[in-house]
>>> print(open('model.cif').read())   # mmCIF, C-alpha atoms
data_my_file
#
loop_
_atom_site.label_atom_id
_atom_site.label_comp_id
_atom_site.auth_asym_id
_atom_site.auth_seq_id
_atom_site.Cartn_x
_atom_site.Cartn_y
_atom_site.Cartn_z
CA MET A 1 132.03 80.92 58.06
CA HIS A 2 130.25 78.23 59.92
CA THR A 3 131.33 79.61 63.33
CA ILE A 4 130.14 83.09 62.38
CA ASN A 5 126.80 81.71 61.36
CA THR A 6 126.46 79.82 64.62
CA TRP A 7 127.46 82.89 66.60
CA LEU A 8 124.99 85.08 64.71
CA MET A 9 122.23 82.61 65.31
CA GLN A 10 122.95 82.45 69.03
CA PHE A 11 123.18 86.23 69.22
CA GLY A 12 119.88 86.62 67.40
CA ARG A 13 118.25 84.10 69.64
CA ALA A 14 119.49 85.87 72.77
CA VAL A 15 118.26 89.27 71.57
CA GLY A 16 114.96 87.74 70.56
CA GLY A 17 114.67 86.19 74.01
CA ILE A 18 115.31 89.47 75.80
CA VAL A 19 112.90 91.41 73.61
CA GLY A 20 110.33 88.65 74.01
CA VAL A 21 110.56 88.76 77.81
CA LEU A 22 110.29 92.57 77.88
CA TYR A 23 107.36 92.56 75.48
CA GLN A 24 105.55 89.88 77.47
CA ALA A 25 106.22 91.80 80.69
CA GLY A 26 104.70 94.90 79.10
CA ARG A 27 101.68 92.95 77.96
CA ASP A 28 101.21 91.48 81.46
CA SER A 29 101.54 94.93 83.02
CA VAL A 30 98.93 96.47 80.74
CA ASP A 31 96.64 93.56 81.58
CA GLN A 32 97.16 94.12 85.30
CA VAL A 33 96.44 97.83 84.98
CA ILE A 34 93.26 97.27 82.96
CA VAL A 35 91.94 94.28 84.92
CA ASN A 36 92.95 95.17 88.49
CA ILE A 37 93.96 98.79 88.83
CA LEU A 38 91.68 100.94 86.64
CA PRO A 39 88.39 99.43 87.93
CA PHE A 40 89.44 100.07 91.50
CA MET A 41 90.53 103.60 90.64
CA ALA A 42 87.07 104.28 89.20
CA PHE A 43 85.47 102.90 92.37
CA ILE A 44 87.74 104.92 94.68
CA ALA A 45 87.31 108.07 92.56
CA LEU A 46 83.53 107.77 92.88
CA ILE A 47 83.80 107.37 96.66
CA ILE A 48 86.17 110.34 96.94
CA GLY A 49 83.82 112.44 94.79
CA ILE A 50 80.82 111.60 96.97
CA ILE A 51 82.77 112.13 100.20
CA VAL A 52 84.18 115.48 99.12
CA LYS A 53 81.03 116.91 97.53
CA THR A 54 78.33 115.81 99.97
CA GLY A 55 80.18 116.69 103.14
CA ILE A 56 79.93 113.08 104.39
CA GLY A 57 83.69 113.27 104.63
CA LYS A 58 83.48 116.03 107.22
CA ILE A 59 81.00 114.06 109.32
CA ILE A 60 83.14 110.90 109.18
CA ALA A 61 86.26 112.95 109.80
CA THR A 62 84.93 114.60 112.96
CA ALA A 63 83.67 111.24 114.21
CA VAL A 64 86.88 109.35 113.51
CA ALA A 65 89.44 112.09 114.19
CA PRO A 66 89.86 111.42 117.93
CA LEU A 67 90.34 107.72 117.19
CA ALA A 68 92.66 108.00 114.20
CA GLY A 69 94.70 110.87 115.58
CA SER A 70 96.08 109.16 118.67
CA LEU A 71 98.12 106.07 119.39
CA ILE A 72 95.47 104.61 121.71
CA GLY A 73 92.77 105.21 119.09
CA LEU A 74 94.79 103.48 116.36
CA ILE A 75 95.47 100.53 118.68
CA ILE A 76 91.72 100.27 119.29
CA ILE A 77 91.08 100.31 115.51
CA SER A 78 93.64 97.54 114.94
CA PHE A 79 92.22 95.51 117.83
CA ILE A 80 88.68 95.74 116.47
CA ALA A 81 89.85 94.86 112.94
CA ALA A 82 91.71 91.83 114.34
CA LEU A 83 88.81 90.39 116.36
CA PRO A 84 88.50 86.76 115.21
CA ILE A 85 84.79 87.23 114.42
CA LEU A 86 85.29 90.41 112.40
CA SER A 87 88.65 89.88 110.72
CA PRO A 88 87.50 87.24 108.17
CA LEU A 89 84.56 89.49 107.27
CA LEU A 90 86.69 92.62 106.83
CA GLY A 91 89.30 90.85 104.73
CA PRO A 92 87.96 90.10 101.23
CA GLY A 93 89.80 92.02 98.51
CA ALA A 94 91.09 94.37 101.21
CA VAL A 95 88.13 96.54 100.17
CA VAL A 96 87.49 97.75 103.73
CA ALA A 97 91.15 98.63 104.30
CA GLN A 98 91.28 100.46 100.96
CA VAL A 99 88.11 102.47 101.53
CA VAL A 100 88.97 103.34 105.15
CA GLY A 101 92.52 104.26 104.09
CA THR A 102 91.22 106.51 101.34
CA ILE A 103 88.75 108.24 103.69
CA LEU A 104 91.51 108.79 106.27
CA GLY A 105 93.97 109.98 103.65
CA THR A 106 91.73 112.32 101.68
CA THR A 107 90.02 113.89 104.70
CA LEU A 108 91.93 113.87 107.99
CA ILE A 109 95.51 113.58 106.77
CA ALA A 110 95.06 115.85 103.72
CA SER A 111 93.49 118.58 105.86
CA GLY A 112 96.20 118.26 108.47
CA GLU A 113 93.64 117.48 111.18
CA ILE A 114 95.72 114.52 112.24
CA SER A 115 99.48 114.75 112.11
CA ALA A 116 101.16 113.37 108.96
CA ARG A 117 103.39 111.04 110.96
CA TYR A 118 100.27 109.11 112.05
CA ALA A 119 100.04 107.89 108.45
CA LEU A 120 102.55 105.13 109.28
CA PRO A 121 100.76 103.57 112.30
CA ALA A 122 97.44 104.13 110.50
CA LEU A 123 98.63 101.97 107.58
CA PHE A 124 99.01 99.07 110.01
CA ALA A 125 95.89 99.85 112.06
CA ILE A 126 93.53 99.62 109.06
CA ASP A 127 95.16 96.39 107.89
CA ALA A 128 95.30 94.17 111.00
CA GLN A 129 92.83 91.82 109.28
CA VAL A 130 94.94 91.32 106.14
CA GLY A 131 94.44 87.86 104.66
CA CYS A 132 92.16 86.62 107.48
CA ASP A 133 89.47 85.75 104.93
CA PHE A 134 91.90 83.66 102.91
CA ILE A 135 93.58 81.38 105.49
CA PRO A 136 92.09 78.00 104.34
CA VAL A 137 92.80 78.78 100.68
CA GLY A 138 96.27 80.13 101.44
CA LEU A 139 97.13 77.03 103.45
CA ALA A 140 95.71 74.78 100.74
CA LEU A 141 97.95 76.55 98.21
CA GLY A 142 100.84 75.56 100.47
CA GLU A 143 99.64 71.93 100.28
CA ALA A 144 98.70 71.85 103.97
CA GLU A 145 96.91 68.81 105.38
CA GLN A 146 93.36 69.03 106.69
CA GLN A 147 94.55 68.99 110.31
CA THR A 148 96.93 71.89 109.68
CA VAL A 149 94.07 73.92 108.21
CA GLU A 150 91.86 73.15 111.23
CA ILE A 151 94.56 74.38 113.61
CA GLY A 152 96.00 77.05 111.36
CA VAL A 153 92.80 79.06 110.87
CA PRO A 154 92.21 79.81 114.57
CA ALA A 155 95.97 80.10 115.22
CA VAL A 156 96.33 82.95 112.70
CA LEU A 157 93.10 84.62 113.90
CA TYR A 158 94.16 84.55 117.58
CA SER A 159 97.68 85.67 116.68
CA ARG A 160 96.32 88.81 114.99
CA VAL A 161 94.66 90.02 118.19
CA ILE A 162 98.17 90.19 119.67
CA THR A 163 100.23 91.19 116.64
CA GLY A 164 97.75 93.75 115.21
CA PRO A 165 98.22 96.23 118.09
CA ILE A 166 101.97 95.39 118.30
CA ALA A 167 102.34 96.39 114.63
CA VAL A 168 100.64 99.74 115.32
CA ILE A 169 102.93 100.45 118.30
CA LEU A 170 106.05 99.56 116.29
CA ALA A 171 104.93 101.77 113.42
CA TYR A 172 104.22 104.59 115.86
CA LEU A 173 107.72 104.31 117.31
CA ALA A 174 109.16 104.27 113.79
CA SER A 175 107.23 107.39 112.79
CA PHE A 176 109.35 109.76 114.88
CA GLY A 177 111.13 112.19 112.58
CA LEU A 178 109.19 111.03 109.53
CA TYR A 179 107.68 114.43 108.72
CA PRO A 180 109.30 116.98 111.03
CA GLY A 181 107.04 119.94 111.63
CA TYR A 182 103.79 118.15 110.72
CA MET B 1 62.73 125.15 87.24
CA ASP B 2 65.69 126.87 88.84
CA PHE B 3 65.46 124.42 91.69
CA LEU B 4 65.67 121.51 89.26
CA VAL B 5 68.70 123.04 87.59
CA THR B 6 70.42 123.51 90.95
CA LEU B 7 69.59 119.94 91.85
CA ALA B 8 70.93 118.62 88.55
CA THR B 9 74.09 120.72 88.85
CA GLY B 10 74.72 119.29 92.29
CA PHE B 11 74.04 115.78 90.99
CA ILE B 12 76.47 116.12 88.08
CA GLY B 13 78.97 117.92 90.32
CA LEU B 14 79.14 114.87 92.53
CA PHE B 15 80.38 112.75 89.65
CA GLN B 16 82.48 115.52 88.14
CA ALA B 17 84.47 115.60 91.39
CA GLY B 18 84.92 111.84 91.09
CA ALA B 19 85.91 112.18 87.43
CA ASN B 20 88.54 114.81 88.29
CA THR B 21 89.96 112.50 90.95
CA PHE B 22 90.00 109.65 88.43
CA VAL B 23 91.91 111.74 85.88
CA SER B 24 94.50 112.78 88.47
CA LEU B 25 94.91 109.14 89.55
CA VAL B 26 95.26 107.91 85.97
CA THR B 27 97.71 110.60 84.85
CA GLY B 28 99.60 110.76 88.14
CA ILE B 29 99.96 107.11 89.02
CA VAL B 30 99.25 104.78 86.07
CA PRO B 31 102.24 105.74 83.81
CA LEU B 32 104.87 105.20 86.51
CA LEU B 33 103.07 102.09 87.69
CA LEU B 34 102.97 100.62 84.19
CA ILE B 35 106.71 101.12 83.58
CA LEU B 36 107.60 99.82 87.03
CA LEU B 37 105.38 96.75 86.56
CA THR B 38 107.02 96.05 83.18
CA ALA B 39 110.53 96.34 84.63
CA VAL B 40 109.83 94.10 87.63
CA ASN B 41 107.85 91.57 85.57
CA SER B 42 110.79 91.17 83.16
CA LEU B 43 113.27 90.97 86.05
CA ILE B 44 111.22 88.15 87.60
CA ALA B 45 111.00 86.35 84.24
CA TRP B 46 114.80 86.51 83.84
CA ILE B 47 115.72 85.44 87.34
CA GLY B 48 113.09 82.70 87.39
CA PRO B 49 110.85 82.31 90.45
CA GLU B 50 111.87 78.64 90.82
CA ARG B 51 115.21 79.77 92.27
CA ILE B 52 113.61 80.60 95.59
CA ASN B 53 112.62 76.95 96.08
CA GLY B 54 116.09 76.44 97.53
CA VAL B 55 115.47 79.13 100.14
CA GLY B 56 112.27 77.28 101.06
CA LYS B 57 114.09 74.03 101.81
CA TRP B 58 116.68 75.97 103.77
CA SER B 59 114.11 77.81 105.87
CA ALA B 60 112.32 74.57 106.79
CA ARG B 61 115.05 73.69 109.30
CA ASP B 62 114.60 73.90 113.05
CA GLY B 63 116.62 76.17 115.26
CA LEU B 64 116.54 79.79 116.28
CA VAL B 65 118.90 80.87 113.48
CA TYR B 66 116.32 79.88 110.88
CA TYR B 67 113.50 82.02 112.28
CA PRO B 68 114.50 85.19 110.40
CA ILE B 69 114.94 83.15 107.22
CA ARG B 70 111.60 81.43 107.59
CA TYR B 71 109.56 84.50 108.59
CA VAL B 72 111.43 87.40 106.96
CA VAL B 73 113.62 86.36 104.01
CA PHE B 74 111.46 83.53 102.65
CA PRO B 75 108.10 85.41 102.83
CA PHE B 76 109.73 88.50 101.31
CA LEU B 77 111.18 86.55 98.37
CA SER B 78 107.95 84.56 97.90
CA VAL B 79 105.83 87.70 97.84
CA PHE B 80 108.28 89.60 95.63
CA PHE B 81 108.71 86.91 92.99
CA LEU B 82 105.37 85.11 93.05
CA THR B 83 103.11 87.97 94.22
CA ASN B 84 99.67 87.63 95.81
CA PRO B 85 98.22 84.93 95.87
CA MET B 86 100.78 82.51 94.37
CA ALA B 87 103.31 83.37 97.11
CA TYR B 88 101.41 81.12 99.53
CA THR B 89 102.25 78.04 97.43
CA MET B 90 105.79 78.31 98.85
CA GLY B 91 104.41 76.90 102.10
CA GLN B 92 104.77 73.48 100.43
CA PHE B 93 108.49 73.47 101.33
CA LEU B 94 107.81 73.76 105.05
CA PRO B 95 106.75 71.11 107.61
CA GLU B 96 103.04 71.20 108.47
CA LYS B 97 103.62 72.88 111.84
CA TYR B 98 105.22 75.94 110.21
CA LYS B 99 102.66 76.43 107.44
CA PRO B 100 100.14 78.64 109.30
CA ALA B 101 102.91 80.93 110.58
CA PHE B 102 104.46 81.18 107.12
CA TYR B 103 101.07 82.03 105.60
CA ASP B 104 100.56 84.70 108.27
CA ALA B 105 103.97 86.24 107.57
CA ALA B 106 103.58 86.11 103.77
CA VAL B 107 100.03 87.47 103.65
CA SER B 108 100.98 90.30 106.01
CA TYR B 109 103.63 91.38 103.53
CA VAL B 110 101.43 91.87 100.47
CA HIS B 111 100.72 95.52 101.41
CA PRO B 112 103.81 97.07 103.12
CA PRO B 113 106.00 97.09 99.95
CA LEU B 114 103.26 98.55 97.70
CA GLY B 115 104.76 102.05 97.72
CA ILE B 116 107.91 100.79 96.04
CA PHE B 117 106.96 97.41 94.54
CA PRO B 118 103.34 97.76 93.42
CA HIS B 119 103.62 94.59 91.28
CA ILE B 120 103.17 92.53 94.48
CA ASN B 121 99.47 93.32 94.75
CA PRO B 122 98.28 95.88 92.19
CA GLY B 123 94.62 95.05 92.87
CA GLU B 124 94.91 96.25 96.48
CA LEU B 125 97.07 99.29 95.81
CA PHE B 126 94.80 101.65 97.71
CA VAL B 127 95.57 100.17 101.11
CA TRP B 128 98.77 102.17 100.62
CA LEU B 129 97.68 104.77 98.10
CA GLY B 130 94.61 106.00 99.98
CA ILE B 131 96.68 107.22 102.90
CA ALA B 132 99.61 108.23 100.69
CA THR B 133 97.29 110.51 98.69
CA GLY B 134 96.61 112.48 101.87
CA ILE B 135 100.34 112.94 102.45
CA GLN B 136 100.74 114.05 98.85
CA LYS B 137 97.97 116.65 99.25
CA LEU B 138 99.94 118.16 102.12
CA GLY B 139 102.79 118.65 99.66
CA LEU B 140 105.00 116.13 101.46
CA PRO B 141 107.08 113.41 99.76
CA ILE B 142 105.58 109.91 100.03
CA VAL B 143 108.79 107.92 99.49
CA PRO B 144 110.01 108.26 103.12
CA LEU B 145 106.66 106.86 104.26
CA ALA B 146 106.87 104.05 101.67
CA VAL B 147 110.36 103.05 102.84
CA ARG B 148 109.38 102.96 106.51
CA TYR B 149 106.19 101.03 105.69
CA LEU B 150 108.30 98.44 103.85
CA LEU B 151 110.89 98.12 106.65
CA ILE B 152 108.47 98.03 109.59
CA GLY B 153 106.50 95.47 107.60
CA LEU B 154 109.51 93.14 107.78
CA VAL B 155 109.67 93.48 111.58
CA VAL B 156 105.93 92.92 111.85
CA ILE B 157 105.92 89.72 109.75
CA PHE B 158 108.84 88.41 111.82
CA ILE B 159 106.87 88.91 115.05
CA ARG B 160 103.71 87.53 113.41
CA GLY B 161 105.57 84.42 112.26
CA ILE B 162 106.91 83.71 115.74
CA VAL B 163 103.63 84.40 117.58
CA THR B 164 101.56 82.33 115.14
CA GLU B 165 104.09 79.49 115.27
CA ARG B 166 103.89 79.48 119.09
CA ILE B 167 100.07 79.43 119.01
CA THR B 168 100.09 76.65 116.39
CA MET B 169 102.43 74.52 118.56
CA TRP B 170 100.24 75.13 121.55
CA MET B 171 97.12 73.97 119.69
CA TRP B 172 98.78 70.99 117.99
CA PRO B 173 97.12 67.74 119.23
CA ARG B 174 98.93 65.84 121.96
CA GLU B 175 99.42 62.55 120.09
CA ASN B 176 101.50 64.42 117.54
CA GLU B 177 103.50 66.28 120.12
CA ASP B 178 106.70 64.33 119.53
CA THR B 179 106.75 65.07 115.84
CA ALA B 180 105.57 68.64 116.38
CA VAL B 181 108.34 69.54 118.79
CA THR B 182 111.30 67.55 117.60
CA ALA B 183 110.74 67.02 113.87
#
>>> encode(input="model.cif", output="C-alpha cells")
Amino acid sequence: MHTINTWLMQFGRAVGGIVGVLYQAGRDSVDQVIVNILPFMAFIALIIGIIVKTGIGKIIATAVAPLAGSLIGLIIISFIAALPILSPLLGPGAVVAQVVGTILGTTLIASGEISARYALPALFAIDAQVGCDFIPVGLALGEAEQQTVEIGVPAVLYSRVITGPIAVILAYLASFGLYPGY
Amino acid sequence: MDFLVTLATGFIGLFQAGANTFVSLVTGIVPLLLILLTAVNSLIAWIGPERINGVGKWSARDGLVYYPIRYVVFPFLSVFFLTNPMAYTMGQFLPEKYKPAFYDAAVSYVHPPLGIFPHINPGELFVWLGIATGIQKLGLPIVPLAVRYLLIGLVVIFIRGIVTERITMWMWPRENEDTAVTA
C-alpha cells in the first residue's frame, strides 16, 4: 500500500509539473504577444494603411525599385546601413529594418515589380546594422571588461562594412531556384 | 458640404485600410505564433537553458576546429534557448578577445530564424514578416524563404565571427599581445 501511495504521489507530481510548465509557457506567450507583438502590428498596420491609401507607396516604390531590384543596389543598401556612423543610429528596436522591410514587401515584392527571389538578399541588405546600437550593453551582458568594450565596439562596426555586403552576395547566390518563374 | 464628406471619407479610409491590415495580421499570424511560442517556451523550460553552459566552455578553446562551434553552434544555441537579449550573457564563458566576435555572431542571428522560430525575437518579427508578407501576396509559399534565411544566416554569422575576431586581434593593444595570441 505504501509503495502504491508513493508511486501515486510521484506520478501526480510529475503530471503537475508538466501541466505547470505548459501553463506557464502559455502565460508567457500571451504576455509576449500582448506586450511585444500586437503593439508593433498596430504600428505596422497604420504605416501600411497610409502607404497604400495615399500613394506614398508608389512614390517610394518607383524611387527605390532600381536599388532594391538588383544585386548591386542591394549591396549599396547594405553598405550604407553598415556605415559605422549610421549603423548605431539605424539599429534601435530594429524599427528601421522593420519599416523598410514592410515597405519593400507590401509594395515592390507584392506587386511583382522586383523579382520574388530578391526577397532573400533584401532580408540581409536591410539588416546589415543589426545590433550595432547595442554593442556596449551586449558585451556588458557577457561580462566583458572595459578594455574589451573599447575595442569591441569599433571592431564590430568595422566588421559590418565588410560582412554586410558579403551577406547580401551569399543570400543572392542562395536565392537561385527559390521561386522559379518569378 | 460634399467636399467635407469626401475629405472625411478619405481620412477614415486611410485608417480603415490600416484596420483591415491589422485584422488580417491578427487572424493570420497571431494564432499560429501563440501556439508555437507556447510549444517552444515549454520545450526550453524542460530542457533547461543552463545545459548550454557546457557548450560555452567547449567553444572557448583555441584552434581552427573550434571556430564553427564558437561562431555557429554556440550563438545558435544561445539565441534559441535564451533569446534576445539574454543570449549575449553567454559571452561570459569566452576569453575577452572572443567576446566582441561572439556578440556579433549572436546578435546577427536574432532575425534569420524568425520565420520558423519566432520566439527568438517576437518584438522584431517584422524584419522577416514585412518582406514575407509581400511573398504571401504573390500567392507564393513563405516557408522555402524562411528555411533559406535561417541557413544562410548560419553562414553569415560564421563569417562575421571570424572577421570580427580578426579585427579585434588586430586592434588589441601591444602589451597584451602575448595573452591575446597564445592564451
>>> closest_atom_pairs(input="model.cif", of="chain B", to="chain A", cutoff="7 Å", atoms="only C-alpha atoms", output="JSON lines")
{"residue": "B:Leu14", "atom": "CA", "partner": "A:Lys53", "partner_atom": "CA", "distance": 5.7}
{"residue": "B:Phe15", "atom": "CA", "partner": "A:Gly49", "partner_atom": "CA", "distance": 6.2}
{"residue": "B:Ala17", "atom": "CA", "partner": "A:Gly49", "partner_atom": "CA", "distance": 4.7}
{"residue": "B:Gly18", "atom": "CA", "partner": "A:Gly49", "partner_atom": "CA", "distance": 3.9}
{"residue": "B:Ala19", "atom": "CA", "partner": "A:Ala45", "partner_atom": "CA", "distance": 6.7}
{"residue": "B:Thr21", "atom": "CA", "partner": "A:Ala45", "partner_atom": "CA", "distance": 5.4}
{"residue": "B:Phe22", "atom": "CA", "partner": "A:Ala45", "partner_atom": "CA", "distance": 5.2}
{"residue": "B:Leu34", "atom": "CA", "partner": "A:Ser29", "partner_atom": "CA", "distance": 6.0}
{"residue": "B:Leu37", "atom": "CA", "partner": "A:Ser29", "partner_atom": "CA", "distance": 5.5}
{"residue": "B:Thr38", "atom": "CA", "partner": "A:Gly26", "partner_atom": "CA", "distance": 4.8}
{"residue": "B:Asn41", "atom": "CA", "partner": "A:Ala25", "partner_atom": "CA", "distance": 5.2}
{"residue": "B:Ser42", "atom": "CA", "partner": "A:Ala25", "partner_atom": "CA", "distance": 5.2}
{"residue": "B:Ala45", "atom": "CA", "partner": "A:Val21", "partner_atom": "CA", "distance": 6.9}
{"residue": "B:Tyr88", "atom": "CA", "partner": "A:Gly138", "partner_atom": "CA", "distance": 5.6}
{"residue": "B:Thr89", "atom": "CA", "partner": "A:Gly142", "partner_atom": "CA", "distance": 4.2}
{"residue": "B:Met90", "atom": "CA", "partner": "A:Gly142", "partner_atom": "CA", "distance": 5.9}
{"residue": "B:Gly91", "atom": "CA", "partner": "A:Gly142", "partner_atom": "CA", "distance": 4.1}
{"residue": "B:Gln92", "atom": "CA", "partner": "A:Gly142", "partner_atom": "CA", "distance": 4.4}
{"residue": "B:Glu96", "atom": "CA", "partner": "A:Thr148", "partner_atom": "CA", "distance": 6.3}
{"residue": "B:Lys99", "atom": "CA", "partner": "A:Leu139", "partner_atom": "CA", "distance": 6.8}
{"residue": "B:Pro100", "atom": "CA", "partner": "A:Gly152", "partner_atom": "CA", "distance": 4.9}
{"residue": "B:Tyr103", "atom": "CA", "partner": "A:Gly138", "partner_atom": "CA", "distance": 6.6}
{"residue": "B:Asp104", "atom": "CA", "partner": "A:Val156", "partner_atom": "CA", "distance": 6.4}
{"residue": "B:Val107", "atom": "CA", "partner": "A:Gly131", "partner_atom": "CA", "distance": 5.7}
{"residue": "B:Ser108", "atom": "CA", "partner": "A:Val130", "partner_atom": "CA", "distance": 6.1}
{"residue": "B:Pro122", "atom": "CA", "partner": "A:Ile37", "partner_atom": "CA", "distance": 6.2}
{"residue": "B:Gly123", "atom": "CA", "partner": "A:Asn36", "partner_atom": "CA", "distance": 4.7}
{"residue": "B:Glu124", "atom": "CA", "partner": "A:Ala94", "partner_atom": "CA", "distance": 6.4}
{"residue": "B:Phe126", "atom": "CA", "partner": "A:Gln98", "partner_atom": "CA", "distance": 4.9}
{"residue": "B:Val127", "atom": "CA", "partner": "A:Gln98", "partner_atom": "CA", "distance": 4.3}
{"residue": "B:Trp128", "atom": "CA", "partner": "A:Leu123", "partner_atom": "CA", "distance": 7.0}
{"residue": "B:Gly130", "atom": "CA", "partner": "A:Thr102", "partner_atom": "CA", "distance": 3.7}
{"residue": "B:Ile131", "atom": "CA", "partner": "A:Gly105", "partner_atom": "CA", "distance": 3.9}
{"residue": "B:Ala132", "atom": "CA", "partner": "A:Gly105", "partner_atom": "CA", "distance": 6.6}
{"residue": "B:Thr133", "atom": "CA", "partner": "A:Gly105", "partner_atom": "CA", "distance": 6.0}
{"residue": "B:Gly134", "atom": "CA", "partner": "A:Gly105", "partner_atom": "CA", "distance": 4.0}
{"residue": "B:Ile135", "atom": "CA", "partner": "A:Ala110", "partner_atom": "CA", "distance": 6.2}
{"residue": "B:Lys137", "atom": "CA", "partner": "A:Ala110", "partner_atom": "CA", "distance": 5.4}
{"residue": "B:Leu138", "atom": "CA", "partner": "A:Ala110", "partner_atom": "CA", "distance": 5.6}
{"residue": "B:Leu145", "atom": "CA", "partner": "A:Leu120", "partner_atom": "CA", "distance": 6.7}
{"residue": "B:Tyr149", "atom": "CA", "partner": "A:Leu120", "partner_atom": "CA", "distance": 6.6}
{"residue": "B:Ile152", "atom": "CA", "partner": "A:Ala171", "partner_atom": "CA", "distance": 6.4}
{"residue": "B:Val156", "atom": "CA", "partner": "A:Ala167", "partner_atom": "CA", "distance": 5.7}
{"residue": "B:Arg160", "atom": "CA", "partner": "A:Thr163", "partner_atom": "CA", "distance": 6.0}
{"residue": "B:Val163", "atom": "CA", "partner": "A:Ser159", "partner_atom": "CA", "distance": 6.2}
{"residue": "B:Thr164", "atom": "CA", "partner": "A:Ser159", "partner_atom": "CA", "distance": 5.3}
{"residue": "B:Ile167", "atom": "CA", "partner": "A:Ala155", "partner_atom": "CA", "distance": 5.6}
{"residue": "B:Thr168", "atom": "CA", "partner": "A:Ala155", "partner_atom": "CA", "distance": 5.5}
{"residue": "B:Met171", "atom": "CA", "partner": "A:Ile151", "partner_atom": "CA", "distance": 6.6}
{"residue": "B:Trp172", "atom": "CA", "partner": "A:Ile151", "partner_atom": "CA", "distance": 7.0}
>>> resolve_selection(input="model.cif", expression="the PyMOL selection byres ((chain B and resi 121) around 8)", output="JSON, numbers by chain")
{"B": [83, 84, 110, 111, 114, 118, 119, 120, 122, 123, 124, 125]}
>>> write_last_selection(input="model.cif", atoms="C-alpha atoms", output="mmCIF file, in the frame of the given file")
data_model
loop_
_atom_site.group_PDB
_atom_site.id
_atom_site.type_symbol
_atom_site.label_atom_id
_atom_site.label_comp_id
_atom_site.auth_asym_id
_atom_site.auth_seq_id
_atom_site.Cartn_x
_atom_site.Cartn_y
_atom_site.Cartn_z
ATOM 1 C CA THR B 83 103.110 87.970 94.220
ATOM 2 C CA ASN B 84 99.670 87.630 95.810
ATOM 3 C CA VAL B 110 101.430 91.870 100.470
ATOM 4 C CA HIS B 111 100.720 95.520 101.410
ATOM 5 C CA LEU B 114 103.260 98.550 97.700
ATOM 6 C CA PRO B 118 103.340 97.760 93.420
ATOM 7 C CA HIS B 119 103.620 94.590 91.280
ATOM 8 C CA ILE B 120 103.170 92.530 94.480
ATOM 9 C CA PRO B 122 98.280 95.880 92.190
ATOM 10 C CA GLY B 123 94.620 95.050 92.870
ATOM 11 C CA GLU B 124 94.910 96.250 96.480
ATOM 12 C CA LEU B 125 97.070 99.290 95.810
#
>>> axis_aligned_box(input="model.cif", around="segment 42-58 of chain B", padding_each_side="6 Å", output="lines of an AutoDock Vina configuration file")
center_x = 113.7
center_y = 82.6
center_z = 93.5
size_x = 17.9
size_y = 29.1
size_z = 32.6
>>> closest_residue(input="model.cif", among="A:Met9, A:Val161, A:Ile4, A:Leu71", to="Ile85 of chain A", atoms="only C-alpha atoms")
A:Val161
>>> decode(input="model.cif", residues="segment 121-125 of chain B", atoms="all heavy atoms", output="mmCIF file, in the first residue's frame")
data_model
loop_
_atom_site.group_PDB
_atom_site.id
_atom_site.type_symbol
_atom_site.label_atom_id
_atom_site.label_comp_id
_atom_site.auth_asym_id
_atom_site.auth_seq_id
_atom_site.Cartn_x
_atom_site.Cartn_y
_atom_site.Cartn_z
ATOM 1 N N ASN B 121 12.771 36.395 -31.124
ATOM 2 C CA ASN B 121 12.716 37.855 -31.065
ATOM 3 C C ASN B 121 11.355 38.366 -31.521
ATOM 4 O O ASN B 121 11.256 39.054 -32.538
ATOM 5 C CB ASN B 121 13.830 38.412 -31.964
ATOM 6 C CG ASN B 121 14.214 39.814 -31.592
ATOM 7 O OD1 ASN B 121 13.576 40.434 -30.739
ATOM 8 N ND2 ASN B 121 15.245 40.328 -32.223
ATOM 9 N N PRO B 122 10.291 38.024 -30.768
ATOM 10 C CA PRO B 122 8.945 38.357 -31.251
ATOM 11 C C PRO B 122 8.721 39.855 -31.443
ATOM 12 O O PRO B 122 7.921 40.247 -32.280
ATOM 13 C CB PRO B 122 8.017 37.797 -30.164
ATOM 14 C CG PRO B 122 8.873 37.511 -28.998
ATOM 15 C CD PRO B 122 10.262 37.314 -29.479
ATOM 16 N N GLY B 123 9.470 40.678 -30.700
ATOM 17 C CA GLY B 123 9.287 42.127 -30.819
ATOM 18 C C GLY B 123 9.805 42.690 -32.130
ATOM 19 O O GLY B 123 9.483 43.813 -32.492
ATOM 20 N N GLU B 124 10.640 41.920 -32.843
ATOM 21 C CA GLU B 124 11.216 42.429 -34.091
ATOM 22 C C GLU B 124 10.829 41.522 -35.265
ATOM 23 O O GLU B 124 11.559 41.402 -36.245
ATOM 24 C CB GLU B 124 12.745 42.556 -33.947
ATOM 25 C CG GLU B 124 13.110 43.570 -32.878
ATOM 26 C CD GLU B 124 14.595 43.637 -32.550
ATOM 27 O OE1 GLU B 124 15.388 42.950 -33.212
ATOM 28 O OE2 GLU B 124 14.945 44.381 -31.622
ATOM 29 N N LEU B 125 9.641 40.936 -35.128
ATOM 30 C CA LEU B 125 9.156 39.964 -36.099
ATOM 31 C C LEU B 125 9.080 40.514 -37.524
ATOM 32 O O LEU B 125 9.235 39.779 -38.494
ATOM 33 C CB LEU B 125 7.769 39.507 -35.648
ATOM 34 C CG LEU B 125 7.236 38.199 -36.195
ATOM 35 C CD1 LEU B 125 8.183 37.058 -35.872
ATOM 36 C CD2 LEU B 125 5.870 37.920 -35.602
#
